[in-house]
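The structure file target04.pdb is reproduced below (PDB, C-alpha atoms).
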ATOM      1  CA  MET T 881      73.416  79.759  60.232
ATOM      2  CA  THR T 882      74.118  76.074  60.604
ATOM      3  CA  ASP T 883      75.400  73.848  57.825
ATOM      4  CA  PHE T 884      72.018  72.182  57.527
ATOM      5  CA  SER T 885      70.131  75.376  56.947
ATOM      6  CA  ALA T 886      72.895  76.499  54.562
ATOM      7  CA  SER T 887      72.386  73.264  52.589
ATOM      8  CA  LEU T 888      68.672  73.951  52.468
ATOM      9  CA  SER T 889      69.283  77.455  51.087
ATOM     10  CA  LEU T 890      71.752  76.145  48.506
ATOM     11  CA  SER T 891      69.395  73.422  47.305
ATOM     12  CA  ALA T 892      66.539  75.914  47.107
ATOM     13  CA  SER T 893      68.695  78.258  45.022
ATOM     14  CA  GLY T 894      69.462  75.350  42.655
ATOM     15  CA  LEU T 895      65.764  74.526  42.384
ATOM     16  CA  ARG T 896      64.937  78.150  41.617
ATOM     17  CA  ALA T 897      67.674  78.382  38.968
ATOM     18  CA  GLN T 898      66.489  75.201  37.219
ATOM     19  CA  ALA T 899      62.909  76.462  37.286
ATOM     20  CA  GLN T 900      64.013  79.695  35.596
ATOM     21  CA  ARG T 901      65.954  77.686  33.027
ATOM     22  CA  LEU T 902      62.817  75.674  32.278
ATOM     23  CA  ARG T 903      60.850  78.903  31.936
ATOM     24  CA  HIS T 904      63.151  80.126  29.161
ATOM     25  CA  LEU T 905      63.168  76.690  27.506
ATOM     26  CA  SER T 906      59.368  76.822  27.388
ATOM     27  CA  GLU T 907      59.620  80.264  25.816
ATOM     28  CA  ASN T 908      61.978  78.896  23.152
ATOM     29  CA  ILE T 909      59.696  75.974  22.348
ATOM     30  CA  ALA T 910      56.589  78.154  22.317
ATOM     31  CA  ASN T 911      58.279  80.477  19.816
ATOM     32  CA  ALA T 912      59.818  77.737  17.666
ATOM     33  CA  ASP T 913      57.640  78.812  14.719
ATOM     34  CA  THR T 914      57.905  82.562  15.283
ATOM     35  CA  PRO T 915      59.714  84.191  12.318
ATOM     36  CA  GLY T 916      62.952  85.874  13.370
ATOM     37  CA  TYR T 917      62.941  84.461  16.913
ATOM     38  CA  ARG T 918      66.371  83.732  18.372
ATOM     39  CA  ARG T 919      66.554  81.106  21.077
ATOM     40  CA  LYS T 920      67.426  82.327  24.563
ATOM     41  CA  THR T 921      70.138  80.742  26.669
ATOM     42  CA  VAL T 922      70.370  81.107  30.448
ATOM     43  CA  PRO T 923      73.830  81.310  32.030
ATOM     44  CA  PHE T 924      74.238  80.157  35.638
ATOM     45  CA  GLU T 925      76.495  82.054  37.992
ATOM     46  CA  MET T 926      77.561  81.726  41.613
ATOM     47  CA  THR T 927      76.825  84.424  44.174
ATOM     48  CA  ASP T 928      78.859  85.179  47.286
ATOM     49  CA  GLY T 929      75.760  84.745  49.417
ATOM     50  CA  ALA T 930      76.278  87.959  51.419
ATOM     51  CA  GLY T 931      79.967  87.205  51.955
ATOM     52  CA  ASP T 932      79.633  84.234  54.307
ATOM     53  CA  GLY T 933      81.019  81.797  51.755
ATOM     54  CA  ARG T 934      77.728  80.284  50.681
ATOM     55  CA  GLY T 935      77.863  79.853  46.913
ATOM     56  CA  LEU T 936      74.226  80.156  45.945
ATOM     57  CA  VAL T 937      73.530  79.691  42.243
ATOM     58  CA  ARG T 938      71.463  82.164  40.269
ATOM     59  CA  THR T 939      70.660  82.776  36.660
ATOM     60  CA  GLY T 940      72.487  85.621  34.955
ATOM     61  CA  ARG T 941      71.475  87.837  32.063
ATOM     62  CA  VAL T 942      69.593  85.969  29.362
ATOM     63  CA  LYS T 943      71.602  85.776  26.133
ATOM     64  CA  LEU T 944      70.343  85.358  22.589
ATOM     65  CA  ASP T 945      71.735  82.577  20.418
ATOM     66  CA  ARG T 946      73.483  84.398  17.544
ATOM     67  CA  SER T 947      73.529  81.426  15.171
ATOM     68  CA  ASP T 948      71.891  81.771  11.755
ATOM     69  CA  LEU T 949      68.125  81.714  11.499
ATOM     70  CA  ALA T 950      66.572  78.905   9.494
ATOM     71  CA  ARG T 951      65.617  79.875   5.926
ATOM     72  CA  VAL T 952      62.115  78.598   5.316
ATOM     73  CA  TYR T 953      60.744  78.335   1.773
ATOM     74  CA  ASP T 954      57.135  79.532   1.669
ATOM     75  CA  PRO T 955      56.305  81.969  -1.170
ATOM     76  CA  ALA T 956      52.789  82.487   0.228
ATOM     77  CA  HIS T 957      54.131  83.798   3.557
ATOM     78  CA  PRO T 958      53.660  87.572   4.064
ATOM     79  CA  LEU T 959      57.313  87.959   5.146
ATOM     80  CA  ALA T 960      58.731  86.034   2.158
ATOM     81  CA  ASP T 961      61.437  87.822   0.127
ATOM     82  CA  PRO T 962      61.515  87.708  -3.727
ATOM     83  CA  SER T 963      63.173  84.250  -3.641
ATOM     84  CA  GLY T 964      60.217  82.880  -1.620
ATOM     85  CA  HIS T 965      62.185  82.424   1.626
ATOM     86  CA  TYR T 966      61.711  84.000   5.037
ATOM     87  CA  ASP T 967      63.718  83.869   8.264
ATOM     88  CA  GLY T 968      62.329  81.332  10.714
ATOM     89  CA  SER T 969      63.613  80.845  14.253
ATOM     90  CA  ASN T 970      66.884  79.155  15.204
ATOM     91  CA  VAL T 971      65.198  76.921  17.787
ATOM     92  CA  ASP T 972      66.089  73.238  17.469
ATOM     93  CA  LEU T 973      63.385  71.243  19.227
ATOM     94  CA  VAL T 974      65.729  68.299  19.896
ATOM     95  CA  ILE T 975      68.201  70.554  21.718
ATOM     96  CA  GLU T 976      65.438  72.232  23.707
ATOM     97  CA  ILE T 977      63.910  68.914  24.792
ATOM     98  CA  ALA T 978      67.325  67.548  25.787
ATOM     99  CA  ASP T 979      68.003  70.740  27.739
ATOM    100  CA  ALA T 980      64.619  70.457  29.454
ATOM    101  CA  ARG T 981      65.398  66.881  30.451
ATOM    102  CA  GLU T 982      68.746  68.045  31.854
ATOM    103  CA  ALA T 983      66.949  70.734  33.855
ATOM    104  CA  GLN T 984      64.580  68.079  35.183
ATOM    105  CA  ARG T 985      67.413  65.795  36.292
ATOM    106  CA  SER T 986      69.240  68.662  37.952
ATOM    107  CA  TYR T 987      66.026  69.720  39.678
ATOM    108  CA  GLU T 988      65.585  66.179  40.995
ATOM    109  CA  ALA T 989      69.172  66.137  42.258
ATOM    110  CA  ASN T 990      68.649  69.410  44.146
ATOM    111  CA  LEU T 991      65.368  68.109  45.524
ATOM    112  CA  LYS T 992      67.156  64.991  46.786
ATOM    113  CA  MET T 993      69.818  67.111  48.486
ATOM    114  CA  PHE T 994      67.096  69.225  50.107
ATOM    115  CA  ASP T 995      65.436  66.096  51.456
ATOM    116  CA  GLN T 996      68.815  64.698  52.505
ATOM    117  CA  ALA T 997      69.641  67.764  54.606
ATOM    118  CA  ARG T 998      66.229  67.544  56.222
ATOM    119  CA  GLN T 999      66.605  63.848  57.012
ATOM    120  CA  MET T1000      70.097  64.307  58.421
ATOM    121  CA  SER T1001      69.033  67.116  60.723
ATOM    122  CA  GLY T1002      66.034  65.030  61.794
ATOM    123  CA  ALA T1003      68.275  62.047  62.550
ATOM    124  CA  LEU T1004      70.612  64.254  64.577
ATOM    125  CA  LEU T1005      67.751  65.578  66.690
ATOM    126  CA  ASP T1006      66.441  62.042  67.166
ATOM    127  CA  LEU T1007      69.586  61.350  69.182
ATOM    128  CA  LEU T1008      68.344  63.743  71.846
ATOM    129  CA  ARG T1009      64.862  62.277  71.931
ATOM    130  CA  ARG T1010      65.658  58.834  73.241
TER     131      ARG T1010
ATOM    132  CA  MET E 316      74.383  71.136 117.670
ATOM    133  CA  ASP E 317      74.749  74.911 117.440
ATOM    134  CA  VAL E 318      78.061  74.536 115.632
ATOM    135  CA  ASN E 319      76.474  72.225 113.041
ATOM    136  CA  ALA E 320      73.597  74.637 112.407
ATOM    137  CA  LEU E 321      76.058  77.498 112.003
ATOM    138  CA  ALA E 322      78.182  75.494 109.566
ATOM    139  CA  ALA E 323      75.098  74.599 107.556
ATOM    140  CA  ALA E 324      73.998  78.245 107.411
ATOM    141  CA  ARG E 325      77.482  79.287 106.302
ATOM    142  CA  LYS E 326      77.566  76.606 103.596
ATOM    143  CA  TYR E 327      74.139  77.686 102.399
ATOM    144  CA  ALA E 328      75.214  81.315 102.209
ATOM    145  CA  ALA E 329      78.333  80.288 100.256
ATOM    146  CA  ALA E 330      76.325  78.154  97.803
ATOM    147  CA  ARG E 331      73.662  80.779  97.106
ATOM    148  CA  PRO E 332      75.587  82.846  94.550
ATOM    149  CA  ALA E 333      75.961  79.736  92.378
ATOM    150  CA  THR E 334      72.190  79.589  91.864
ATOM    151  CA  GLU E 335      71.862  83.237  90.869
ATOM    152  CA  PRO E 336      71.490  83.976  87.163
ATOM    153  CA  GLY E 337      74.867  84.789  85.671
ATOM    154  CA  PRO E 338      75.392  87.768  83.397
ATOM    155  CA  GLU E 339      76.085  85.596  80.310
ATOM    156  CA  ALA E 340      73.232  83.077  80.707
ATOM    157  CA  GLY E 341      70.582  85.471  79.407
ATOM    158  CA  GLY E 342      72.881  86.571  76.586
ATOM    159  CA  VAL E 343      73.373  83.245  74.799
ATOM    160  CA  LEU E 344      69.853  81.956  75.369
ATOM    161  CA  GLY E 345      68.433  85.340  74.433
ATOM    162  CA  ASP E 346      70.330  85.258  71.137
ATOM    163  CA  VAL E 347      69.080  81.745  70.415
ATOM    164  CA  ALA E 348      65.500  82.769  71.195
ATOM    165  CA  ARG E 349      65.764  85.857  68.983
ATOM    166  CA  ASP E 350      67.242  83.764  66.156
ATOM    167  CA  PHE E 351      64.394  81.291  66.524
ATOM    168  CA  ALA E 352      61.772  84.043  66.490
ATOM    169  CA  THR E 353      63.364  85.572  63.378
ATOM    170  CA  THR E 354      63.289  82.216  61.541
ATOM    171  CA  LEU E 355      59.640  81.716  62.453
ATOM    172  CA  ARG E 356      58.729  85.232  61.367
ATOM    173  CA  GLU E 357      60.516  84.728  58.037
ATOM    174  CA  GLY E 358      58.512  81.542  57.506
ATOM    175  CA  GLU E 359      55.248  83.318  58.223
ATOM    176  CA  ASP E 360      56.105  86.323  56.047
ATOM    177  CA  THR E 361      57.105  84.098  53.126
ATOM    178  CA  ALA E 362      53.925  82.031  53.505
ATOM    179  CA  LYS E 363      51.835  85.200  53.396
ATOM    180  CA  ALA E 364      53.753  86.525  50.383
ATOM    181  CA  ALA E 365      53.385  83.183  48.573
ATOM    182  CA  LEU E 366      49.633  83.124  49.162
ATOM    183  CA  VAL E 367      49.173  86.513  47.523
ATOM    184  CA  GLY E 368      51.510  85.485  44.705
ATOM    185  CA  GLU E 369      54.556  87.584  45.599
ATOM    186  CA  ALA E 370      57.024  84.846  46.571
ATOM    187  CA  ASP E 371      57.821  81.777  44.492
ATOM    188  CA  PRO E 372      57.050  78.295  45.832
ATOM    189  CA  HIS E 373      60.756  77.523  46.293
ATOM    190  CA  ALA E 374      61.107  80.371  48.768
ATOM    191  CA  LEU E 375      57.970  79.166  50.570
ATOM    192  CA  VAL E 376      59.206  75.577  50.877
ATOM    193  CA  GLU E 377      62.662  76.726  51.957
ATOM    194  CA  ALA E 378      61.345  79.105  54.617
ATOM    195  CA  LEU E 379      58.873  76.554  55.978
ATOM    196  CA  VAL E 380      61.489  73.791  56.198
ATOM    197  CA  GLN E 381      63.899  76.205  57.926
ATOM    198  CA  ALA E 382      61.146  77.052  60.408
ATOM    199  CA  GLU E 383      60.377  73.355  60.879
ATOM    200  CA  LEU E 384      64.052  72.658  61.570
ATOM    201  CA  ALA E 385      64.171  75.489  64.113
ATOM    202  CA  VAL E 386      60.977  74.377  65.869
ATOM    203  CA  GLU E 387      62.159  70.762  66.030
ATOM    204  CA  THR E 388      65.491  71.840  67.514
ATOM    205  CA  VAL E 389      63.886  74.088  70.121
ATOM    206  CA  VAL E 390      61.238  71.523  71.082
ATOM    207  CA  THR E 391      63.832  68.753  71.430
ATOM    208  CA  VAL E 392      66.116  70.892  73.578
ATOM    209  CA  ARG E 393      63.161  72.040  75.694
ATOM    210  CA  ASP E 394      62.050  68.436  76.251
ATOM    211  CA  LYS E 395      65.570  67.510  77.286
ATOM    212  CA  VAL E 396      65.779  70.416  79.734
ATOM    213  CA  VAL E 397      62.360  69.666  81.242
ATOM    214  CA  GLU E 398      63.328  66.001  81.569
ATOM    215  CA  ALA E 399      66.537  66.907  83.393
ATOM    216  CA  TYR E 400      64.638  69.285  85.673
ATOM    217  CA  GLN E 401      62.113  66.574  86.535
ATOM    218  CA  ASP E 402      64.960  64.179  87.273
ATOM    219  CA  ILE E 403      66.280  66.702  89.789
ATOM    220  CA  LEU E 404      62.816  67.151  91.327
ATOM    221  CA  ARG E 405      62.421  63.395  91.731
ATOM    222  CA  MET E 406      65.794  63.087  93.443
ATOM    223  CA  PRO E 407      65.338  61.560  96.933
ATOM    224  CA  VAL E 408      66.434  64.079  99.550
TER     225      VAL E 408
END
Could you write out this file's structure as structure tokens?
Amino acid sequence: MTDFSASLSLSASGLRAQAQRLRHLSENIANADTPGYRRKTVPFEMTDGAGDGRGLVRTGRVKLDRSDLARVYDPAHPLADPSGHYDGSNVDLVIEIADAREAQRSYEANLKMFDQARQMSGALLDLLRR
Amino acid sequence: MDVNALAAARKYAAARPATEPGPEAGGVLGDVARDFATTLREGEDTAKAALVGEADPHALVEALVQAELAVETVVTVRDKVVEAYQDILRMPV
């Protein structure tokens, strides 16, 4: 496997990892109002890439954020305790949106590297064409 | 005259083994061809899997670009080889 095709694989693994991150961010935002929902965080880890030194990135086991759930005051809610509160989710929309923007930027960076590897290999082959 | 013809025949006989296919020529080129065929087949398999919803689009794009890279390399090298061969054919004898 040449360096160019290794770069392509690496960039594609980065794209895939960011897409999975975005998938869990969407899940968090979709469940922002679900009582008792804990936000999910996605750790990234490096693989050996079948032992040939290619450090592909992949997403590891999804973890739940153990921080306290928001106490929401709503006596009319079916889950409300005697004090009129119930446990909401611990999703902070600002954090999720910022995280989504970070995923987008990282996705763009990987996309650029993918295109860069393609252009460089094309330029190299152009040498033989003239 | 006879001596010259004999010398030419001897030279020709000595030069003939150089044009025979060597044992290693098929090996390297064969490996390259097999590698190329494998890359193409991976591209096709991933495209099929993506169309029925089994592979994700990233895998599809990656496999197709890898196949494109392989095809471009092979086509460029082939063109170069054909060009060199035609140069030899056009050589004034």
Checklist line | Using all atoms listed in the file: which of T:Ala1003, T:Leu890, T:Ala978, T:Leu973 has the shortest distance to Thr391 in chain E | finding: T:Ala1003
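Here CA of Asp394 in chain E and CA of Val347 in chain E stand 16.1 Å from one another.
Minimum distance to Thr354 in chain E across T:Leu1007, T:Ile909, T:Ser885, T:Arg918 (counting all atoms listed in the file) occurs at T:Ser885.
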Next item on the list: Expand the ChimeraX specification (/E :<10) & /T into the individual residues it matches in the shown file, reporting them as a ChimeraX atom specification.
Entry: /T:881,884-886,888-896,899,994-995,998,1001-1002,1004-1010
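When the PyMOL selection byres ((chain T and resi 944-954) around 10) is run on the displayed coordinates, the residues it returns are Pro915, Gly916, Tyr917, Arg918, Arg919, Lys920, Thr921, Val922, Arg941, Val942, Lys943, Pro955, Ala956, His957, Pro958, Leu959, Ala960, Asp961, Ser963, Gly964, His965, Tyr966, Asp967, Gly968, Ser969, Asn970, Val971 and Asp972 of chain T.
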Item checked: Two-atom distance - CA of Thr353 in chain E, CA of Ala989 in chain T (Å) -> 29.3 Å
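If you look at CA of Leu404 in chain E and CA of Pro332 in chain E, they are 20.5 Å away from each other.
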Taking all listed atoms of range 355-358 of chain E, build the axis-aligned box, pad each of the six sides by 4 Å, then write its centre and edge lengths in Å to one decimal as lines of an AutoDock Vina configuration file.
center_x = 59.5
center_y = 83.4
center_z = 60.0
size_x = 10.0
size_y = 11.7
size_z = 12.9
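Take the candidates T:Pro962, T:Gln898, T:Met926, T:Met1000 and check each one against Glu988 in chain T using all atoms listed in the file; the shortest distance goes to T:Gln898.
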For range 881-899 of chain T, supply N, CA and C atoms and report the output as a short mmCIF file (atom, residue, chain, number, x, y, z; two decimals), in the frame of the given file.
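Output contents, as saved in out.cif:
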data_model
loop_
_atom_site.label_atom_id
_atom_site.label_comp_id
_atom_site.auth_asym_id
_atom_site.auth_seq_id
_atom_site.Cartn_x
_atom_site.Cartn_y
_atom_site.Cartn_z
N MET T 881 74.11 80.72 61.09
CA MET T 881 73.42 79.76 60.23
C MET T 881 74.16 78.43 60.23
N THR T 882 73.45 77.37 60.54
CA THR T 882 74.12 76.07 60.60
C THR T 882 74.34 75.52 59.20
N ASP T 883 75.14 74.46 59.12
CA ASP T 883 75.40 73.85 57.82
C ASP T 883 74.13 73.29 57.21
N PHE T 884 73.25 72.76 58.07
CA PHE T 884 72.02 72.18 57.53
C PHE T 884 71.17 73.24 56.87
N SER T 885 71.00 74.37 57.55
CA SER T 885 70.13 75.38 56.95
C SER T 885 70.82 76.02 55.75
N ALA T 886 72.20 76.03 55.76
CA ALA T 886 72.90 76.50 54.56
C ALA T 886 72.65 75.55 53.40
N SER T 887 72.67 74.23 53.66
CA SER T 887 72.39 73.26 52.59
C SER T 887 71.00 73.47 52.03
N LEU T 888 70.04 73.73 52.92
CA LEU T 888 68.67 73.95 52.47
C LEU T 888 68.61 75.16 51.55
N SER T 889 69.30 76.26 51.93
CA SER T 889 69.28 77.46 51.09
C SER T 889 69.92 77.17 49.73
N LEU T 890 71.05 76.44 49.76
CA LEU T 890 71.75 76.14 48.51
C LEU T 890 70.88 75.31 47.58
N SER T 891 70.24 74.27 48.14
CA SER T 891 69.40 73.42 47.30
C SER T 891 68.23 74.23 46.75
N ALA T 892 67.67 75.10 47.58
CA ALA T 892 66.54 75.91 47.11
C ALA T 892 66.98 76.85 46.00
N SER T 893 68.23 77.38 46.10
CA SER T 893 68.69 78.26 45.02
C SER T 893 68.86 77.46 43.73
N GLY T 894 69.34 76.20 43.84
CA GLY T 894 69.46 75.35 42.66
C GLY T 894 68.11 75.07 42.03
N LEU T 895 67.12 74.79 42.89
CA LEU T 895 65.76 74.53 42.38
C LEU T 895 65.24 75.74 41.63
N ARG T 896 65.46 76.92 42.23
CA ARG T 896 64.94 78.15 41.62
C ARG T 896 65.61 78.38 40.26
N ALA T 897 66.94 78.16 40.22
CA ALA T 897 67.67 78.38 38.97
C ALA T 897 67.18 77.44 37.88
N GLN T 898 66.96 76.15 38.24
CA GLN T 898 66.49 75.20 37.22
C GLN T 898 65.08 75.55 36.76
N ALA T 899 64.27 76.07 37.67
CA ALA T 899 62.91 76.46 37.29
C ALA T 899 62.96 77.63 36.30
#
